[in-house]
Amino acid sequence: MPIKAILTDIEGTTSAVSFVFDTLFPYAAAHLPAFVRAHADEVEVASQLDAVRAESGEPDADTERLVRILLEWIAQDRKVTPLKALQGMVWAEGYQAGQLKGHVYPDAVEALQRWHAAGYRLYVYSSGSIQAQKLIFGCSQAGDLAPLFSGYFDTLSGGKREAASYERIVQAIGVLPAEVLFLSDILEELDAARLAGLHTCGLVRQGGELPGHAQVTDFSEIDPTRF
């Protein structure tokens with residue numbers, strides 16, 4: 001059954017992990033406190049702060065306590081939806097100000113453009129918020145790559161190491177699992193996607209092994225027609 005859609009991870013796959021940890025996270029940590037204090041009463045921000053209160057089990061937390069919780073979560077690399085949403089808002093300001101440019105490997109840029117031109121539908125699935133995903137590709141060092149993608153998925157679809165998440169994504173895309181190729185550098189994510197019936201290909205840019213899956217060192221080695 002031919003591949004119709006390609007679903008890709010970001011960190012370690014299309015983009016360097018170091019961009020997230022060395023650029024995006026420090027930027028968020030530095031700018032998030034002032035952002036929260038300035039926008040706490042706005043509906044979109046206030047709803048995410050209420051979600052932080054619920055997630056932390058501190059329903060009465062004031063703004064300063066919420067700032068401390070968020071900074072702790074950033075330091076711990078917590079995959080928490082309200083944190084990701086607020087980080088995305090902070091990053092949006094940075095991208096719009098020209099202070100941030102999304103990193104995408106040149107081999108990924110070339111392959112994504114080629115696949116899109118060939119008629120493959122491209123999707124992103126990352127633990128980062130959909131807003132953050134759009135910013136990385138829409139404000140990338142290679143220009144605006146957002147038009148290449150047909151959709152984005154984040155942790156609202158479920159954990160990336162859970163097969164049910166990939167089942168939900170396939171249903172949302174509207175194709176059969178066997179018509180989707182999933183790309184990632186994390187073994188547990190590849191295993192979950194395979195369990196859901198998707199084809200898989202692992203990225204080993206820094207070496208290593210992803211047993212049980214096809215694996216490549218960069219996007220130039222990926223041929224969707226072989227799956």
# chains A, B, ... in the order shown; residues from 1 in each chain; ligands from 1
>>> residues_around(residues="Arg37 (chain A)", least_positions_apart="2", cutoff="12 Å", atoms="only C-alpha atoms", output="MDAnalysis selection string")
chainID A and resid 31:35 39:42 45:46 49 62:68
>>> write_last_selection(atoms="C-alpha atoms", output="CSV table (one decimal), in the first residue's frame")
chain,number,residue,atom,x,y,z
A,31,HIS,CA,11.2,36.3,28.8
A,32,LEU,CA,8.3,34.3,30.2
A,33,PRO,CA,8.2,36.0,33.7
A,34,ALA,CA,7.7,39.5,32.2
A,35,PHE,CA,5.3,38.1,29.6
A,39,HIS,CA,-0.6,39.5,30.0
A,40,ALA,CA,-2.0,37.6,33.0
A,41,ASP,CA,-5.4,39.2,32.7
A,42,GLU,CA,-5.8,38.5,29.0
A,45,VAL,CA,-3.1,33.7,28.8
A,46,ALA,CA,-5.4,33.5,31.8
A,49,LEU,CA,-2.5,30.0,33.9
A,62,ASP,CA,-0.9,34.0,42.4
A,63,THR,CA,1.0,35.3,39.4
A,64,GLU,CA,4.4,35.2,41.1
A,65,ARG,CA,3.9,31.6,42.2
A,66,LEU,CA,2.8,30.6,38.7
A,67,VAL,CA,5.9,32.2,37.3
A,68,ARG,CA,8.1,30.1,39.7
>>> select_by_dssp(residues="region 172-224 of chain A", states="strand (DSSP E or B)", output="count of residues only")
13
>>> closest_residue(among="A:Leu86, A:Ile136, A:Leu145, A:Phe227", to="Leu112 (chain A)", atoms="only C-alpha atoms")
A:Leu145
>>> atom_distance(atom1="CA of Ile222 (chain A)", atom2="CA of Ser127 (chain A)")
23.1 Å
>>> closest_residue(among="A:Ala92, A:Ala146, A:Val175, A:Val80", to="Gly158 (chain A)", atoms="only C-alpha atoms")
A:Val80
>>> residues_around(residues="Asp77 (chain A)", least_positions_apart="6", cutoff="10 Å", atoms="only C-alpha atoms", output="ChimeraX atom specification")
/A:21,25,71,83
>>> write_last_selection(atoms="C-alpha atoms", output="PDB file, in the first residue's frame")
ATOM      1  CA  PHE A  21      17.646  23.428  24.592  1.00  0.00           C
ATOM      2  CA  PHE A  25      14.244  27.151  26.300  1.00  0.00           C
ATOM      3  CA  LEU A  71      10.345  28.226  35.395  1.00  0.00           C
ATOM      4  CA  LEU A  83       3.617  25.430  29.633  1.00  0.00           C
TER       5      LEU A  83
END
>>> select_by_dssp(residues="region 68-138 of chain A", states="helix (DSSP H, G or I)", output="number ranges by chain")
A: 68-76, 81-96, 106-118, 130-138
>>> residues_around(residues="Ser129 (chain A)", least_positions_apart="2", cutoff="7 Å", atoms="only C-alpha atoms", output="list of chain:residue names")
A:Lys84, A:Ala85, A:Gly88, A:Ser127, A:Gln131, A:Ala132, A:Gln133, A:Asp154
>>> write_last_selection(atoms="N, CA, C and O atoms", output="PDB file, in the first residue's frame")
ATOM      1  N   LYS A  84       3.700  24.552  27.363  1.00  0.00           N
ATOM      2  CA  LYS A  84       4.020  24.610  25.944  1.00  0.00           C
ATOM      3  C   LYS A  84       3.265  25.758  25.268  1.00  0.00           C
ATOM      4  O   LYS A  84       3.809  26.452  24.399  1.00  0.00           O
ATOM      5  N   ALA A  85       2.016  25.950  25.663  1.00  0.00           N
ATOM      6  CA  ALA A  85       1.213  27.022  25.061  1.00  0.00           C
ATOM      7  C   ALA A  85       1.790  28.395  25.399  1.00  0.00           C
ATOM      8  O   ALA A  85       1.912  29.267  24.523  1.00  0.00           O
ATOM      9  N   GLY A  88       4.986  29.018  23.612  1.00  0.00           N
ATOM     10  CA  GLY A  88       4.700  29.364  22.226  1.00  0.00           C
ATOM     11  C   GLY A  88       4.364  30.835  22.064  1.00  0.00           C
ATOM     12  O   GLY A  88       4.783  31.483  21.093  1.00  0.00           O
ATOM     13  N   SER A 127       6.025  17.280  20.758  1.00  0.00           N
ATOM     14  CA  SER A 127       5.568  17.582  22.115  1.00  0.00           C
ATOM     15  C   SER A 127       5.430  19.082  22.327  1.00  0.00           C
ATOM     16  O   SER A 127       4.775  19.533  23.262  1.00  0.00           O
ATOM     17  N   GLN A 131       1.386  25.924  17.989  1.00  0.00           N
ATOM     18  CA  GLN A 131       1.857  27.276  17.703  1.00  0.00           C
ATOM     19  C   GLN A 131       3.375  27.299  17.566  1.00  0.00           C
ATOM     20  O   GLN A 131       3.920  27.897  16.628  1.00  0.00           O
ATOM     21  N   ALA A 132       4.076  26.619  18.492  1.00  0.00           N
ATOM     22  CA  ALA A 132       5.538  26.582  18.441  1.00  0.00           C
ATOM     23  C   ALA A 132       6.022  25.865  17.184  1.00  0.00           C
ATOM     24  O   ALA A 132       7.023  26.255  16.570  1.00  0.00           O
ATOM     25  N   GLN A 133       5.326  24.804  16.800  1.00  0.00           N
ATOM     26  CA  GLN A 133       5.683  24.075  15.585  1.00  0.00           C
ATOM     27  C   GLN A 133       5.577  24.984  14.360  1.00  0.00           C
ATOM     28  O   GLN A 133       6.478  25.013  13.503  1.00  0.00           O
ATOM     29  N   ASP A 154       0.004  17.962  18.484  1.00  0.00           N
ATOM     30  CA  ASP A 154       0.825  18.077  19.688  1.00  0.00           C
ATOM     31  C   ASP A 154       0.301  17.133  20.760  1.00  0.00           C
ATOM     32  O   ASP A 154      -0.407  16.164  20.445  1.00  0.00           O
TER      33      ASP A 154
END
>>> residues_around(residues="Arg121 (chain A)", least_positions_apart="3", cutoff="7 Å", atoms="only C-alpha atoms", output="short mmCIF file (atom, residue, chain, number, x, y, z; two decimals) with C-alpha atoms, in the first residue's frame")
data_model
loop_
_atom_site.label_atom_id
_atom_site.label_comp_id
_atom_site.auth_asym_id
_atom_site.auth_seq_id
_atom_site.Cartn_x
_atom_site.Cartn_y
_atom_site.Cartn_z
CA LYS A 4 0.18 8.97 1.14
CA ALA A 5 1.19 10.98 4.22
CA ILE A 6 4.44 11.61 6.09
CA HIS A 116 5.36 18.15 -1.08
CA PHE A 149 2.41 21.13 5.77
CA SER A 150 -1.19 19.95 5.79
#
>>> closest_residue(among="A:Pro147, A:Cys139, A:Ser184, A:Ala108", to="Gly94 (chain A)", atoms="only C-alpha atoms")
A:Cys139
>>> closest_residue(among="A:Asp185, A:Asp107, A:Glu221, A:Glu58", to="Gly12 (chain A)", atoms="only C-alpha atoms")
A:Asp185
>>> closest_atom_pairs(of="region 109-191 of chain A", to="region 206-211 of chain A", cutoff="12 Å", atoms="only C-alpha atoms", output="tab-separated table")
residue	atom	partner	partner_atom	distance
A:Leu183	CA	A:Leu210	CA	11.8
A:Ser184	CA	A:Leu210	CA	9.9
A:Asp185	CA	A:Leu210	CA	8.0
A:Ile186	CA	A:Leu210	CA	7.7
A:Leu187	CA	A:Leu210	CA	5.7
A:Glu188	CA	A:Leu210	CA	9.3
A:Glu189	CA	A:Leu210	CA	10.6
A:Leu190	CA	A:Leu210	CA	8.6
A:Asp191	CA	A:Pro211	CA	9.6
>>> residues_around(residues="Phe153 (chain A)", least_positions_apart="2", cutoff="10 Å", atoms="only C-alpha atoms", output="PDB file with N, CA, C and O atoms, in the first residue's frame")
ATOM      1  N   LEU A   7       4.439  11.837   8.487  1.00  0.00           N
ATOM      2  CA  LEU A   7       4.286  12.480   9.789  1.00  0.00           C
ATOM      3  C   LEU A   7       5.670  12.564  10.428  1.00  0.00           C
ATOM      4  O   LEU A   7       6.340  11.538  10.585  1.00  0.00           O
ATOM      5  N   THR A   8       6.113  13.755  10.775  1.00  0.00           N
ATOM      6  CA  THR A   8       7.468  13.892  11.295  1.00  0.00           C
ATOM      7  C   THR A   8       7.532  14.560  12.656  1.00  0.00           C
ATOM      8  O   THR A   8       6.767  15.475  12.965  1.00  0.00           O
ATOM      9  N   ASP A   9       8.449  14.070  13.454  1.00  0.00           N
ATOM     10  CA  ASP A   9       8.850  14.693  14.707  1.00  0.00           C
ATOM     11  C   ASP A   9       9.710  15.912  14.361  1.00  0.00           C
ATOM     12  O   ASP A   9      10.123  16.083  13.209  1.00  0.00           O
ATOM     13  N   TYR A 123       2.776  16.207   7.661  1.00  0.00           N
ATOM     14  CA  TYR A 123       2.238  16.573   8.972  1.00  0.00           C
ATOM     15  C   TYR A 123       3.363  16.568  10.012  1.00  0.00           C
ATOM     16  O   TYR A 123       4.371  15.875   9.851  1.00  0.00           O
ATOM     17  N   VAL A 124       3.145  17.311  11.074  1.00  0.00           N
ATOM     18  CA  VAL A 124       4.098  17.388  12.175  1.00  0.00           C
ATOM     19  C   VAL A 124       3.445  16.860  13.447  1.00  0.00           C
ATOM     20  O   VAL A 124       2.274  17.149  13.711  1.00  0.00           O
ATOM     21  N   TYR A 125       4.203  16.094  14.233  1.00  0.00           N
ATOM     22  CA  TYR A 125       3.739  15.651  15.553  1.00  0.00           C
ATOM     23  C   TYR A 125       4.886  15.866  16.523  1.00  0.00           C
ATOM     24  O   TYR A 125       5.922  15.206  16.429  1.00  0.00           O
ATOM     25  N   SER A 126       4.723  16.812  17.415  1.00  0.00           N
ATOM     26  CA  SER A 126       5.779  17.169  18.360  1.00  0.00           C
ATOM     27  C   SER A 126       5.186  17.421  19.736  1.00  0.00           C
ATOM     28  O   SER A 126       4.011  17.754  19.867  1.00  0.00           O
ATOM     29  N   SER A 127       6.025  17.280  20.758  1.00  0.00           N
ATOM     30  CA  SER A 127       5.568  17.582  22.115  1.00  0.00           C
ATOM     31  C   SER A 127       5.430  19.082  22.327  1.00  0.00           C
ATOM     32  O   SER A 127       4.775  19.533  23.262  1.00  0.00           O
ATOM     33  N   GLY A 128       6.057  19.881  21.461  1.00  0.00           N
ATOM     34  CA  GLY A 128       5.858  21.321  21.507  1.00  0.00           C
ATOM     35  C   GLY A 128       4.472  21.686  21.009  1.00  0.00           C
ATOM     36  O   GLY A 128       3.857  20.939  20.242  1.00  0.00           O
ATOM     37  N   SER A 129       3.966  22.830  21.418  1.00  0.00           N
ATOM     38  CA  SER A 129       2.622  23.242  21.017  1.00  0.00           C
ATOM     39  C   SER A 129       2.545  23.420  19.502  1.00  0.00           C
ATOM     40  O   SER A 129       3.553  23.644  18.821  1.00  0.00           O
ATOM     41  N   ILE A 130       1.336  23.343  18.983  1.00  0.00           N
ATOM     42  CA  ILE A 130       1.136  23.556  17.550  1.00  0.00           C
ATOM     43  C   ILE A 130       1.625  24.947  17.152  1.00  0.00           C
ATOM     44  O   ILE A 130       2.238  25.125  16.088  1.00  0.00           O
ATOM     45  N   GLN A 133       5.326  24.804  16.800  1.00  0.00           N
ATOM     46  CA  GLN A 133       5.683  24.075  15.585  1.00  0.00           C
ATOM     47  C   GLN A 133       5.577  24.984  14.360  1.00  0.00           C
ATOM     48  O   GLN A 133       6.478  25.013  13.503  1.00  0.00           O
ATOM     49  N   GLY A 151      -0.966  19.825   8.226  1.00  0.00           N
ATOM     50  CA  GLY A 151      -1.505  19.855   9.585  1.00  0.00           C
ATOM     51  C   GLY A 151      -0.440  19.611  10.630  1.00  0.00           C
ATOM     52  O   GLY A 151       0.670  19.163  10.327  1.00  0.00           O
ATOM     53  N   THR A 155       0.620  17.394  22.021  1.00  0.00           N
ATOM     54  CA  THR A 155       0.247  16.473  23.098  1.00  0.00           C
ATOM     55  C   THR A 155      -1.256  16.418  23.351  1.00  0.00           C
ATOM     56  O   THR A 155      -1.714  15.553  24.097  1.00  0.00           O
ATOM     57  N   LEU A 156      -2.020  17.309  22.737  1.00  0.00           N
ATOM     58  CA  LEU A 156      -3.477  17.196  22.851  1.00  0.00           C
ATOM     59  C   LEU A 156      -3.977  15.931  22.155  1.00  0.00           C
ATOM     60  O   LEU A 156      -5.077  15.454  22.431  1.00  0.00           O
ATOM     61  N   SER A 157      -3.162  15.377  21.258  1.00  0.00           N
ATOM     62  CA  SER A 157      -3.506  14.100  20.612  1.00  0.00           C
ATOM     63  C   SER A 157      -3.077  12.919  21.465  1.00  0.00           C
ATOM     64  O   SER A 157      -3.399  11.774  21.139  1.00  0.00           O
ATOM     65  N   GLY A 158      -2.354  13.195  22.557  1.00  0.00           N
ATOM     66  CA  GLY A 158      -1.865  12.140  23.434  1.00  0.00           C
ATOM     67  C   GLY A 158      -0.353  12.087  23.466  1.00  0.00           C
ATOM     68  O   GLY A 158       0.319  12.798  22.712  1.00  0.00           O
ATOM     69  N   SER A 165      -2.248   7.510  20.416  1.00  0.00           N
ATOM     70  CA  SER A 165      -2.049   8.867  19.879  1.00  0.00           C
ATOM     71  C   SER A 165      -1.934   8.815  18.366  1.00  0.00           C
ATOM     72  O   SER A 165      -2.506   9.660  17.650  1.00  0.00           O
ATOM     73  N   TYR A 166      -1.198   7.846  17.867  1.00  0.00           N
ATOM     74  CA  TYR A 166      -1.001   7.726  16.420  1.00  0.00           C
ATOM     75  C   TYR A 166      -2.287   7.267  15.736  1.00  0.00           C
ATOM     76  O   TYR A 166      -2.571   7.673  14.597  1.00  0.00           O
ATOM     77  N   ILE A 169      -4.302  10.391  15.322  1.00  0.00           N
ATOM     78  CA  ILE A 169      -3.754  11.240  14.269  1.00  0.00           C
ATOM     79  C   ILE A 169      -4.124  10.694  12.898  1.00  0.00           C
ATOM     80  O   ILE A 169      -4.528  11.446  12.004  1.00  0.00           O
ATOM     81  N   ALA A 172      -7.594  11.512  12.130  1.00  0.00           N
ATOM     82  CA  ALA A 172      -7.748  12.932  11.815  1.00  0.00           C
ATOM     83  C   ALA A 172      -7.263  13.233  10.397  1.00  0.00           C
ATOM     84  O   ALA A 172      -7.850  14.068   9.687  1.00  0.00           O
TER      85      ALA A 172
END
>>> closest_residue(among="A:Tyr120, A:Phe137, A:Phe219, A:Phe19", to="Tyr152 (chain A)", atoms="only C-alpha atoms")
A:Phe137
>>> atom_distance(atom1="CA of Val170 (chain A)", atom2="CA of Glu110 (chain A)")
24.9 Å
>>> atom_distance(atom1="CA of Ser220 (chain A)", atom2="CA of His199 (chain A)")
17.6 Å
>>> closest_residue(among="A:Met1, A:His103, A:Gly202, A:Arg168", to="Asp22 (chain A)", atoms="only C-alpha atoms")
A:His103
